[in-house]
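J.: Got a structure for you, target.cif, holding mmCIF, C-alpha atoms.
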```cif
data_structure
loop_
_atom_site.label_atom_id
_atom_site.label_comp_id
_atom_site.auth_asym_id
_atom_site.auth_seq_id
_atom_site.Cartn_x
_atom_site.Cartn_y
_atom_site.Cartn_z
CA MET A 116 2.84 18.79 -12.18
CA ASP A 117 2.83 19.29 -8.43
CA LEU A 118 -0.74 18.93 -7.15
CA GLY A 119 0.12 19.82 -3.58
CA SER A 120 2.50 18.91 -0.78
CA CYS A 121 2.56 19.25 2.98
CA TYR A 122 4.31 17.99 6.09
CA LEU A 123 2.33 15.73 8.42
CA GLY A 124 2.33 15.84 12.21
CA GLY A 125 4.14 12.50 12.51
CA ASN A 126 6.42 10.16 10.57
CA ALA A 127 4.55 9.36 7.33
CA ASP A 128 4.48 5.70 6.28
CA ALA A 129 1.34 4.91 4.25
CA VAL A 130 -0.94 6.54 1.67
CA GLU A 131 -4.10 5.07 0.14
CA PHE A 132 -6.54 6.64 -2.32
CA CYS A 133 -10.18 5.69 -1.80
CA PRO A 134 -11.25 3.75 -4.92
CA HIS A 135 -15.00 4.27 -4.42
CA ARG A 136 -17.33 6.93 -5.74
CA PRO A 137 -18.04 9.64 -4.61
CA PHE A 138 -14.79 9.59 -2.60
CA ARG A 139 -12.17 9.12 -5.29
CA HIS A 140 -10.82 12.59 -4.51
CA VAL A 141 -10.00 11.45 -0.95
CA LEU A 142 -6.48 10.40 0.04
CA ALA A 143 -5.76 8.77 3.42
CA ALA A 144 -2.30 9.33 4.91
CA ALA A 145 -1.04 7.52 8.02
CA THR A 146 1.75 8.16 10.52
CA TYR A 147 3.79 6.18 13.03
CA THR A 148 5.91 8.02 15.60
CA LEU A 149 7.92 6.51 18.45
CA GLN A 150 7.58 8.82 21.47
CA GLU A 151 9.90 8.75 24.47
CA GLN A 152 7.99 8.99 27.77
CA GLY A 153 10.87 9.11 30.22
CA GLY A 154 13.17 6.36 31.36
CA GLU A 155 12.79 3.35 29.11
CA ARG A 156 9.10 3.91 28.42
CA GLN A 157 8.05 4.47 24.82
CA ASP A 158 4.73 4.95 23.08
CA ARG A 159 3.92 4.34 19.43
CA ALA A 160 1.51 7.07 18.41
CA GLY A 161 -0.05 7.68 15.03
CA SER A 162 -2.82 9.28 13.02
CA VAL A 163 -4.90 8.85 9.88
CA SER A 164 -5.60 12.05 7.94
CA LEU A 165 -7.92 12.56 4.99
CA PHE A 166 -6.98 14.97 2.21
CA ALA A 167 -8.79 16.21 -0.87
CA VAL A 168 -7.03 17.44 -4.00
CA ASP A 169 -8.43 19.73 -6.66
CA ALA A 170 -6.03 19.48 -9.58
CA GLY A 171 -7.71 22.43 -11.25
CA GLU A 172 -7.31 24.74 -8.26
CA GLU A 173 -5.17 27.75 -9.16
CA ASP A 174 -4.09 28.24 -5.54
CA ALA A 175 -1.42 25.55 -5.06
CA SER A 176 -1.95 25.55 -1.28
CA ARG A 177 -5.50 24.22 -1.82
CA ARG A 178 -4.60 21.40 -4.18
CA LEU A 179 -3.94 19.17 -1.17
CA ARG A 180 -6.56 20.15 1.41
CA LEU A 181 -6.91 18.60 4.85
CA LEU A 182 -10.41 17.26 5.55
CA HIS A 183 -10.19 15.25 8.76
CA THR A 184 -7.72 13.64 11.18
CA VAL A 185 -8.15 10.89 13.78
CA GLU A 186 -5.52 10.14 16.41
CA THR A 187 -4.58 6.46 16.69
CA ALA A 188 -1.85 4.12 17.82
CA GLY A 189 1.10 4.04 15.42
CA VAL A 190 -0.15 2.88 12.03
CA PHE A 191 1.93 0.39 10.05
CA ASP A 192 -0.51 -0.18 7.22
CA MET A 193 -4.05 0.52 6.02
CA LYS A 194 -6.24 -0.64 3.12
CA TRP A 195 -9.60 0.34 1.64
CA SER A 196 -12.19 -2.41 1.29
CA PRO A 197 -12.68 -3.53 -2.33
CA VAL A 198 -16.48 -3.24 -2.06
CA ALA A 199 -17.23 -0.20 0.15
CA PRO A 200 -15.58 2.94 1.59
CA LEU A 201 -14.28 1.12 4.67
CA LEU A 202 -10.67 1.64 5.77
CA ALA A 203 -8.84 -1.11 7.68
CA GLN A 204 -5.98 0.06 9.90
CA ALA A 205 -3.24 -2.19 11.34
CA ASP A 206 -1.48 -0.67 14.33
CA ALA A 207 1.45 -1.04 16.68
CA HIS A 208 -0.77 -2.01 19.63
CA GLY A 209 -1.77 -5.27 17.95
CA ARG A 210 -5.18 -3.99 16.96
CA LEU A 211 -7.14 -3.90 13.74
CA ALA A 212 -9.59 -1.01 13.35
CA LEU A 213 -12.24 -0.32 10.72
CA TRP A 214 -13.34 3.20 9.75
CA ARG A 215 -16.24 4.17 7.50
CA LEU A 216 -15.75 7.11 5.17
CA GLU A 217 -18.78 9.39 5.12
CA GLN A 218 -19.71 12.72 3.60
CA GLU A 219 -19.71 15.58 6.05
CA ASP A 220 -22.86 17.73 6.34
CA GLY A 221 -24.09 16.59 2.95
CA SER A 222 -21.10 18.10 1.17
CA ASP A 223 -19.83 16.34 -1.93
CA LYS A 224 -16.28 17.47 -1.08
CA GLY A 225 -16.07 17.05 2.68
CA ALA A 226 -15.38 13.66 4.28
CA VAL A 227 -14.87 12.21 7.76
CA LEU A 228 -13.94 8.82 9.23
CA ARG A 229 -16.49 7.18 11.54
CA ASP A 230 -15.47 4.37 13.88
CA VAL A 231 -17.05 1.04 12.88
CA CYS A 232 -15.29 -1.47 15.11
CA SER A 233 -11.87 -2.61 16.30
CA GLY A 234 -10.40 -5.73 17.79
CA ASP A 235 -7.29 -7.05 19.52
CA ILE A 236 -5.55 -9.35 17.08
CA SER A 237 -2.36 -10.11 19.00
CA SER A 238 -0.03 -8.95 21.74
CA SER A 239 2.46 -8.41 18.88
CA MET A 240 2.33 -5.50 16.45
CA CYS A 241 0.09 -5.64 13.37
CA LEU A 242 2.39 -4.83 10.45
CA PHE A 243 0.26 -5.32 7.35
CA VAL A 244 -3.39 -5.80 6.37
CA ASP A 245 -5.15 -7.00 3.22
CA TRP A 246 -8.81 -7.65 2.29
CA ASN A 247 -10.08 -10.60 0.30
CA GLN A 248 -12.13 -9.64 -2.75
CA THR A 249 -15.52 -10.12 -1.09
CA ALA A 250 -14.47 -8.07 1.97
CA GLU A 251 -15.66 -10.88 4.22
CA ALA A 252 -12.18 -11.48 5.63
CA LEU A 253 -8.88 -9.72 6.21
CA SER A 254 -5.36 -11.03 6.62
CA VAL A 255 -2.90 -9.50 9.07
CA GLY A 256 0.88 -9.93 9.26
CA LEU A 257 2.32 -9.81 12.78
CA SER A 258 5.70 -8.89 14.24
CA ASP A 259 6.11 -12.28 15.95
CA GLY A 260 6.05 -14.15 12.61
CA SER A 261 2.37 -15.09 12.75
CA LEU A 262 -0.40 -14.66 10.21
CA SER A 263 -4.00 -13.96 11.19
CA VAL A 264 -7.18 -14.32 9.19
CA VAL A 265 -9.91 -12.09 10.58
CA SER A 266 -13.59 -12.47 9.69
CA MET A 267 -16.19 -9.72 9.50
CA ARG A 268 -19.15 -10.58 11.74
CA GLU A 269 -21.66 -7.79 11.16
CA ASP A 270 -20.00 -4.88 13.01
CA ARG A 271 -17.31 -6.85 14.81
CA LEU A 272 -14.04 -8.56 14.00
CA GLU A 273 -13.27 -12.16 14.87
CA VAL A 274 -9.93 -13.95 14.51
CA SER A 275 -10.85 -17.12 12.65
CA GLU A 276 -7.32 -18.50 12.34
CA GLN A 277 -3.83 -17.59 13.51
CA TRP A 278 -0.63 -19.58 13.04
CA THR A 279 3.15 -19.24 13.13
CA ALA A 280 3.97 -18.77 9.46
CA HIS A 281 7.49 -17.34 9.64
CA GLN A 282 10.48 -17.12 11.92
CA TYR A 283 10.54 -13.31 12.00
CA GLU A 284 8.30 -10.32 11.20
CA VAL A 285 5.63 -10.82 8.54
CA TRP A 286 5.99 -7.61 6.53
CA THR A 287 3.34 -8.43 3.96
CA CYS A 288 0.38 -10.72 3.25
CA TYR A 289 -1.81 -10.82 0.17
CA PHE A 290 -4.97 -12.71 -0.83
CA ASP A 291 -4.90 -14.19 -4.32
CA ARG A 292 -7.47 -12.13 -6.22
CA ALA A 293 -8.89 -15.08 -8.17
CA ASN A 294 -8.45 -17.81 -5.53
CA PRO A 295 -9.37 -16.32 -2.13
CA HIS A 296 -8.41 -19.53 -0.32
CA LEU A 297 -4.76 -18.77 -1.19
CA LEU A 298 -2.82 -16.32 0.97
CA TYR A 299 0.72 -15.16 0.12
CA SER A 300 3.13 -13.88 2.75
CA GLY A 301 6.60 -12.37 2.96
CA SER A 302 8.82 -12.07 5.99
CA ASP A 303 12.05 -10.79 7.45
CA ASP A 304 13.23 -14.42 7.35
CA CYS A 305 13.68 -14.00 3.54
CA SER A 306 10.81 -16.39 2.88
CA PHE A 307 8.10 -15.91 0.24
CA SER A 308 5.24 -18.32 0.99
CA CYS A 309 1.71 -19.33 0.00
CA TRP A 310 -0.93 -20.85 2.29
CA ASP A 311 -4.09 -22.85 1.56
CA LEU A 312 -6.77 -21.55 3.93
CA ARG A 313 -9.14 -24.43 3.21
CA GLN A 314 -7.11 -26.52 5.62
CA ASN A 315 -6.88 -25.86 9.34
CA PRO A 316 -4.20 -25.18 10.32
CA SER A 317 -3.38 -23.61 6.96
CA ASN A 318 -1.09 -25.73 4.84
CA ALA A 319 1.92 -24.29 3.03
CA VAL A 320 1.46 -24.57 -0.75
CA PHE A 321 5.06 -23.40 -1.20
CA GLN A 322 7.80 -21.75 0.82
CA ASN A 323 10.57 -20.12 -1.19
CA LYS A 324 13.53 -19.41 1.10
CA LYS A 325 16.28 -19.12 -1.50
CA SER A 326 15.36 -16.38 -4.00
CA HIS A 327 15.43 -13.33 -1.72
CA ASN A 328 18.67 -12.34 -0.01
CA MET A 329 16.91 -10.20 2.58
CA GLY A 330 13.41 -9.76 3.97
CA VAL A 331 10.36 -9.81 1.67
CA CYS A 332 8.48 -6.53 2.13
CA CYS A 333 5.63 -6.49 -0.39
CA ILE A 334 3.60 -8.62 -2.81
CA ALA A 335 1.27 -7.58 -5.64
CA GLN A 336 -0.72 -9.47 -8.26
CA ASN A 337 -1.22 -8.21 -11.79
CA PRO A 338 -4.87 -7.06 -11.85
CA LEU A 339 -5.31 -8.00 -15.51
CA GLU A 340 -3.08 -11.08 -15.68
CA GLY A 341 -3.54 -13.13 -12.51
CA ASN A 342 -0.68 -15.55 -13.24
CA ILE A 343 1.87 -12.79 -12.66
CA LEU A 344 2.93 -11.88 -9.13
CA LEU A 345 5.51 -9.35 -7.92
CA THR A 346 7.62 -9.33 -4.78
CA GLY A 347 9.74 -6.53 -3.36
CA SER A 348 12.57 -7.03 -0.90
CA TYR A 349 15.05 -5.25 1.32
CA ASP A 350 17.68 -6.71 -1.04
CA GLU A 351 16.58 -3.94 -3.49
CA PHE A 352 15.16 -6.29 -6.12
CA LEU A 353 11.73 -6.26 -7.67
CA ARG A 354 11.00 -9.82 -8.79
CA VAL A 355 8.39 -10.98 -11.30
CA TRP A 356 6.91 -14.45 -10.74
CA ASP A 357 4.92 -16.79 -12.97
CA ILE A 358 2.62 -18.66 -10.57
CA ARG A 359 0.96 -21.04 -13.02
CA SER A 360 2.94 -23.79 -11.34
CA MET A 361 1.62 -22.99 -7.88
CA VAL A 362 3.76 -25.54 -6.06
CA LYS A 363 6.92 -24.01 -7.51
CA PRO A 364 6.47 -20.50 -8.97
CA VAL A 365 9.10 -19.35 -11.45
CA ASN A 366 11.09 -16.12 -11.04
CA VAL A 367 10.95 -14.93 -14.66
CA LYS A 368 12.74 -11.58 -14.27
CA SER A 369 14.28 -9.31 -11.64
CA LEU A 370 15.28 -5.66 -11.45
CA ASN A 371 17.47 -3.84 -8.92
CA LEU A 372 15.75 -0.58 -7.91
CA GLY A 373 18.66 0.77 -5.84
CA GLY A 374 16.83 0.72 -2.53
CA GLY A 375 14.76 -1.64 -0.42
CA VAL A 376 11.46 -2.22 -2.22
CA TRP A 377 8.95 -1.43 0.54
CA ARG A 378 5.72 -1.00 -1.44
CA ILE A 379 4.59 -1.80 -4.99
CA LYS A 380 1.30 -0.80 -6.61
CA TYR A 381 0.10 -1.79 -10.06
CA HIS A 382 -1.47 0.95 -12.14
CA PRO A 383 -5.24 0.38 -11.90
CA LEU A 384 -5.71 0.54 -15.69
CA ILE A 385 -2.36 -0.28 -17.33
CA ALA A 386 -1.33 -3.87 -16.73
CA ASP A 387 2.46 -3.53 -17.04
CA VAL A 388 3.07 -0.31 -15.07
CA VAL A 389 4.11 -0.47 -11.41
CA LEU A 390 4.78 2.25 -8.85
CA ALA A 391 7.41 1.39 -6.23
CA ALA A 392 8.56 2.96 -2.95
CA CYS A 393 12.27 2.24 -2.74
CA MET A 394 13.19 3.43 0.77
CA HIS A 395 16.63 5.12 0.48
CA ASN A 396 16.28 5.54 -3.29
CA GLY A 397 13.00 7.42 -3.59
CA PHE A 398 10.16 6.33 -5.84
CA ALA A 399 10.18 4.64 -9.24
CA ILE A 400 7.77 3.80 -12.01
CA VAL A 401 8.66 0.48 -13.60
CA LYS A 402 7.59 -1.31 -16.76
CA VAL A 403 7.28 -5.03 -16.01
CA GLY A 404 5.51 -6.32 -19.15
CA THR A 405 7.00 -7.75 -22.33
CA GLY A 406 10.77 -7.96 -22.34
CA ASP A 407 13.05 -6.99 -19.49
CA ALA A 408 11.71 -5.02 -16.53
CA ALA A 409 12.92 -1.42 -16.69
CA VAL A 410 12.73 1.78 -14.65
CA VAL A 411 11.17 4.50 -16.79
CA GLU A 412 11.25 7.34 -14.28
CA THR A 413 12.28 8.10 -10.70
CA TYR A 414 11.22 10.71 -8.19
CA CYS A 415 13.82 11.52 -5.54
CA LYS A 416 12.74 14.87 -4.07
CA HIS A 417 11.84 13.30 -0.74
CA GLU A 418 14.72 13.55 1.74
CA SER A 419 13.90 10.48 3.84
CA LEU A 420 12.78 6.85 3.61
CA ALA A 421 10.27 6.40 0.78
CA TYR A 422 7.49 4.32 2.32
CA GLY A 423 3.98 5.15 1.10
CA VAL A 424 2.86 5.22 -2.53
CA ASP A 425 -0.40 4.82 -4.46
CA TRP A 426 -2.21 5.57 -7.71
CA GLN A 427 -5.47 7.49 -7.76
CA ARG A 428 -8.36 5.77 -9.50
CA SER A 429 -10.34 8.63 -11.01
CA GLU A 430 -12.81 9.31 -13.77
CA GLY A 431 -10.18 11.40 -15.54
CA ALA A 432 -7.72 8.49 -15.57
CA GLU A 433 -10.38 6.08 -16.83
CA GLN A 434 -11.26 8.37 -19.73
CA ASN A 435 -7.65 9.34 -20.47
CA LYS A 436 -4.86 7.02 -19.38
CA ASN A 437 -2.42 9.92 -19.74
CA CYS A 438 -4.14 11.51 -16.74
CA SER A 439 -2.49 9.55 -13.91
CA VAL A 440 -2.03 10.88 -10.38
CA VAL A 441 0.18 9.40 -7.66
CA ALA A 442 0.68 10.06 -3.95
CA THR A 443 3.97 9.57 -2.13
CA CYS A 444 5.11 9.96 1.45
CA SER A 445 8.41 9.67 3.30
CA PHE A 446 9.10 8.81 6.90
CA TYR A 447 11.44 11.03 8.89
CA ASP A 448 10.85 14.24 6.91
CA ARG A 449 7.06 13.64 7.22
CA LEU A 450 6.48 14.78 3.65
CA LEU A 451 3.30 14.01 1.72
CA CYS A 452 3.15 14.74 -2.03
CA ARG A 453 0.59 14.27 -4.75
CA LEU A 454 1.96 14.46 -8.28
CA ASN A 455 0.76 14.20 -11.84
CA PRO A 456 3.16 12.43 -14.24
CA THR A 457 2.89 14.52 -17.39
CA SER A 458 2.85 11.52 -19.74
CA VAL A 459 1.77 7.95 -19.03
CA LYS A 460 0.57 5.91 -21.98
CA ARG A 461 0.11 2.27 -22.77
CA TRP A 462 3.36 0.90 -24.22
CA ASN A 463 2.88 -1.23 -27.33
CA PRO A 464 6.03 -3.12 -28.39
CA THR A 465 4.78 -3.45 -31.97
CA THR A 466 4.21 0.27 -32.54
CA ASP A 467 6.33 2.14 -29.97
CA SER A 468 10.08 2.47 -30.47
CA GLY A 469 10.77 3.14 -26.80
CA PHE A 470 9.30 3.07 -23.33
CA PHE A 471 6.41 5.31 -22.34
CA ALA A 472 7.58 8.59 -20.81
CA ILE A 473 6.82 9.81 -17.33
CA ASP A 474 8.01 13.20 -16.21
CA PHE A 475 7.64 14.36 -12.62
CA SER A 476 7.92 17.99 -11.67
CA GLY A 477 7.30 20.01 -8.52
CA GLU A 478 9.22 21.67 -5.75
CA VAL A 479 9.53 20.37 -2.20
CA PRO A 480 7.21 22.71 -0.28
CA ALA A 481 7.78 25.10 2.55
CA ASP A 482 6.65 23.79 5.92
CA ILE A 483 2.85 23.94 6.03
CA SER A 484 2.39 21.52 8.91
CA ASN A 485 -0.04 23.97 10.48
CA LEU A 486 -2.60 22.47 8.10
CA VAL A 487 -2.53 19.23 10.06
CA LYS A 488 -4.85 18.90 13.03
CA VAL A 489 -2.95 17.37 15.95
#
```
I'd like the structure from this file rewritten - as C-alpha cells, please.

T.:
Amino acid sequence: MDLGSCYLGGNADAVEFCPHRPFRHVLAAATYTLQEQGGERQDRAGSVSLFAVDAGEEDASRRLRLLHTVETAGVFDMKWSPVAPLLAQADAHGRLALWRLEQEDGSDKGAVLRDVCSGDISSSMCLFVDWNQTAEALSVGLSDGSLSVVSMREDRLEVSEQWTAHQYEVWTCYFDRANPHLLYSGSDDCSFSCWDLRQNPSNAVFQNKKSHNMGVCCIAQNPLEGNILLTGSYDEFLRVWDIRSMVKPVNVKSLNLGGGVWRIKYHPLIADVVLAACMHNGFAIVKVGTGDAAVVETYCKHESLAYGVDWQRSEGAEQNKNCSVVATCSFYDRLLCRLNPTSVKRWNPTTDSGFFAIDFSGEVPADISNLVKV
C-alpha cells in the first residue's frame, strides 16, 4: 500500500527513520544538488527534511506530511544516534553536523531539528557517517581516501584520529556492533577492510582487495547474528561474509542484484531480511538466511538512481511482523516514497514451502513539490 509520495526540492539521496520514541513516525530525507554559479564555479547545496506519516489517514496527500526543513550543504549521508534522537549529517563541505530532534510546541506529532554542534572534519568531502553503539564516537569516510574517528566532547566534536585508509573515496564505514574497537570500511579502490582502533595509527586487521570487482559502497552487520556481515558494491553483487575468522573473513554467498548496491539495511526484527537500494535497478528485498540468497521482491517505480532506503521501527511492526514499512528515495527525479509491503513474515525452512511474500503497490505521484519548504 502506498503511504504517501512527494518530490523533494533537491536530488534525494538518503532517508532515515528515527528509531526512538516518541519520534518513530518521523522520517528524515536528505538532498544533494550541484548548482552552477557561473563560469566554473559550483556549489553543493542540500537540505534535511522531516516528514510524518499517518498510515491510517484516509486522505493520501496527508500520509506523508512535511514537518520541518533545514537548508544545509549537500548531504551525502546521515544517521540517527543509537541512544538518543540525535541526527548526524555528513556533507560535501567536509563538515559533520549534529541535530537534535525535538517536539514542536508540545505537540506529539510535530517535530523540528535543533542545531547541536558542527565541526570541520576535512578539506575533502564527508561521504559517510556511522555511530558506535555508545554514541561516544562517530566514524566518517572521506573523498580523499581517509577515515576519521570523531569523539563527542559534551556539545562539540573532536577528531581523535584520521588516517589514509584507502587509495580512493571511502564510500562506507561501519563500527562492529559487538566490538566497537573494530571499524570496517569500503572504498572506490575495490577494497573491503577492517581496522583496530586500539592502536594508533589504526592497524589493518584485514584488507580484502580481490573479492569486489568495483568499489565497495555499503556494509551492514546482522543485528541478531553478529558473525554475519554484508557488503554491497558497484559490481552489482551483494556479498555475505562469515567474520568468525577476523583475519580472513569468508565470502559464503553472493547475489547479483542487477544494479550497483548503494545501500543495504537489515530488517530491525527479522534477521534474514535485507532491503537494498540498487541504483539503476530500483529497490529489492532479499532473503540472506539459510540456503542461497534470493530476491523475493523488487520495486522499480522510481525513474532515477535508487539511493536512499530504510525500514521503519514502529510499535505496529514489533507487535505484528507483517506490518513493515519502508521508505525509498531516488536521485535525479527527487522522488520520496513510503510504502507498506502487504506481506512480510518470518521464513521458516522447516515449515514454509517457499519464500515469504512481499507485494508492493502504489502509483508514482503527481508533482507535489510545493509541500517542500525551500

J.: Excluding stretch 450-453 of chain A and residues on its chain fewer than 5 positions from it, collect all residues at most 7 Å away from it, counting only C-alpha atoms, and give them as a ChimeraX atom specification.

T.: /A:117-123,127,441-445

J.: Which residue, A:Arg268, A:Lys194, A:His382, A:Arg136, has the smallest gap to A:Tyr289 when you use only C-alpha atoms?

T.: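 Of A:Arg268, A:Lys194, A:His382, A:Arg136, the one nearest A:Tyr289 is A:Lys194, counting only C-alpha atoms.
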
J.: Just the number, please: distance in Å from atom CA of A:Asp350 to atom CA of A:Ser317, one decimal.

T.: 28.2 Å

J.: Find the residue from A:Thr184, A:Thr146, A:His208, A:Thr287 that sits nearest to A:Asp158; use all atoms listed in the file when measuring.

T.: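 Of A:Thr184, A:Thr146, A:His208, A:Thr287, the one nearest A:Asp158, counting all atoms listed in the file, is A:His208.
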
J.: Of the candidates A:Leu345, A:Val424, A:Ala203, A:Val168, which one gets nearest to A:Ala399 if we count all atoms listed in the file?

T.: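 That would be A:Val424, the residue with the smallest distance to A:Ala399.
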
J.: So, with only C-alpha atoms as the atoms that count, which of A:Asp230, A:Asp235, A:Glu269, A:Asp192 lies closest to A:Asp128?

T.: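 When distances to A:Asp128 are compared using only C-alpha atoms, the smallest one comes from A:Asp192.
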
J.: Which residues come within 10 Å of A:His140, counting all atoms listed in the file, excluding same-chain residues fewer than 4 positions away, as a CSV table (one decimal) with C-alpha atoms, keeping the file's coordinate frame?

T.:
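Saved the output as selection_20.csv:
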```csv
chain,number,residue,atom,x,y,z
A,132,PHE,CA,-6.5,6.6,-2.3
A,133,CYS,CA,-10.2,5.7,-1.8
A,134,PRO,CA,-11.2,3.8,-4.9
A,135,HIS,CA,-15.0,4.3,-4.4
A,136,ARG,CA,-17.3,6.9,-5.7
A,165,LEU,CA,-7.9,12.6,5.0
A,166,PHE,CA,-7.0,15.0,2.2
A,167,ALA,CA,-8.8,16.2,-0.9
A,168,VAL,CA,-7.0,17.4,-4.0
A,169,ASP,CA,-8.4,19.7,-6.7
A,170,ALA,CA,-6.0,19.5,-9.6
A,224,LYS,CA,-16.3,17.5,-1.1
A,225,GLY,CA,-16.1,17.0,2.7
A,226,ALA,CA,-15.4,13.7,4.3
A,427,GLN,CA,-5.5,7.5,-7.8
A,428,ARG,CA,-8.4,5.8,-9.5
A,429,SER,CA,-10.3,8.6,-11.0
```

J.: Go through A:Leu142, A:Val440, A:Cys393, A:Val388 one by one, measure the shortest atom-to-atom distance of each to A:Gly347 using only C-alpha atoms, and give the residue with the smallest value.

T.: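 The answer is A:Cys393, which sits nearest to A:Gly347.
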
J.: Please determine, counting all atoms listed in the file, which residue among A:Met267, A:Leu272, A:Leu228, A:Ala188 has the shortest atom-to-atom distance to A:Cys241.

T.: A:Ala188

J.: What does the distance between atom CA of A:Thr279 and atom CA of A:Lys325 come to in Å, to one decimal place?

T.: 19.7 Å
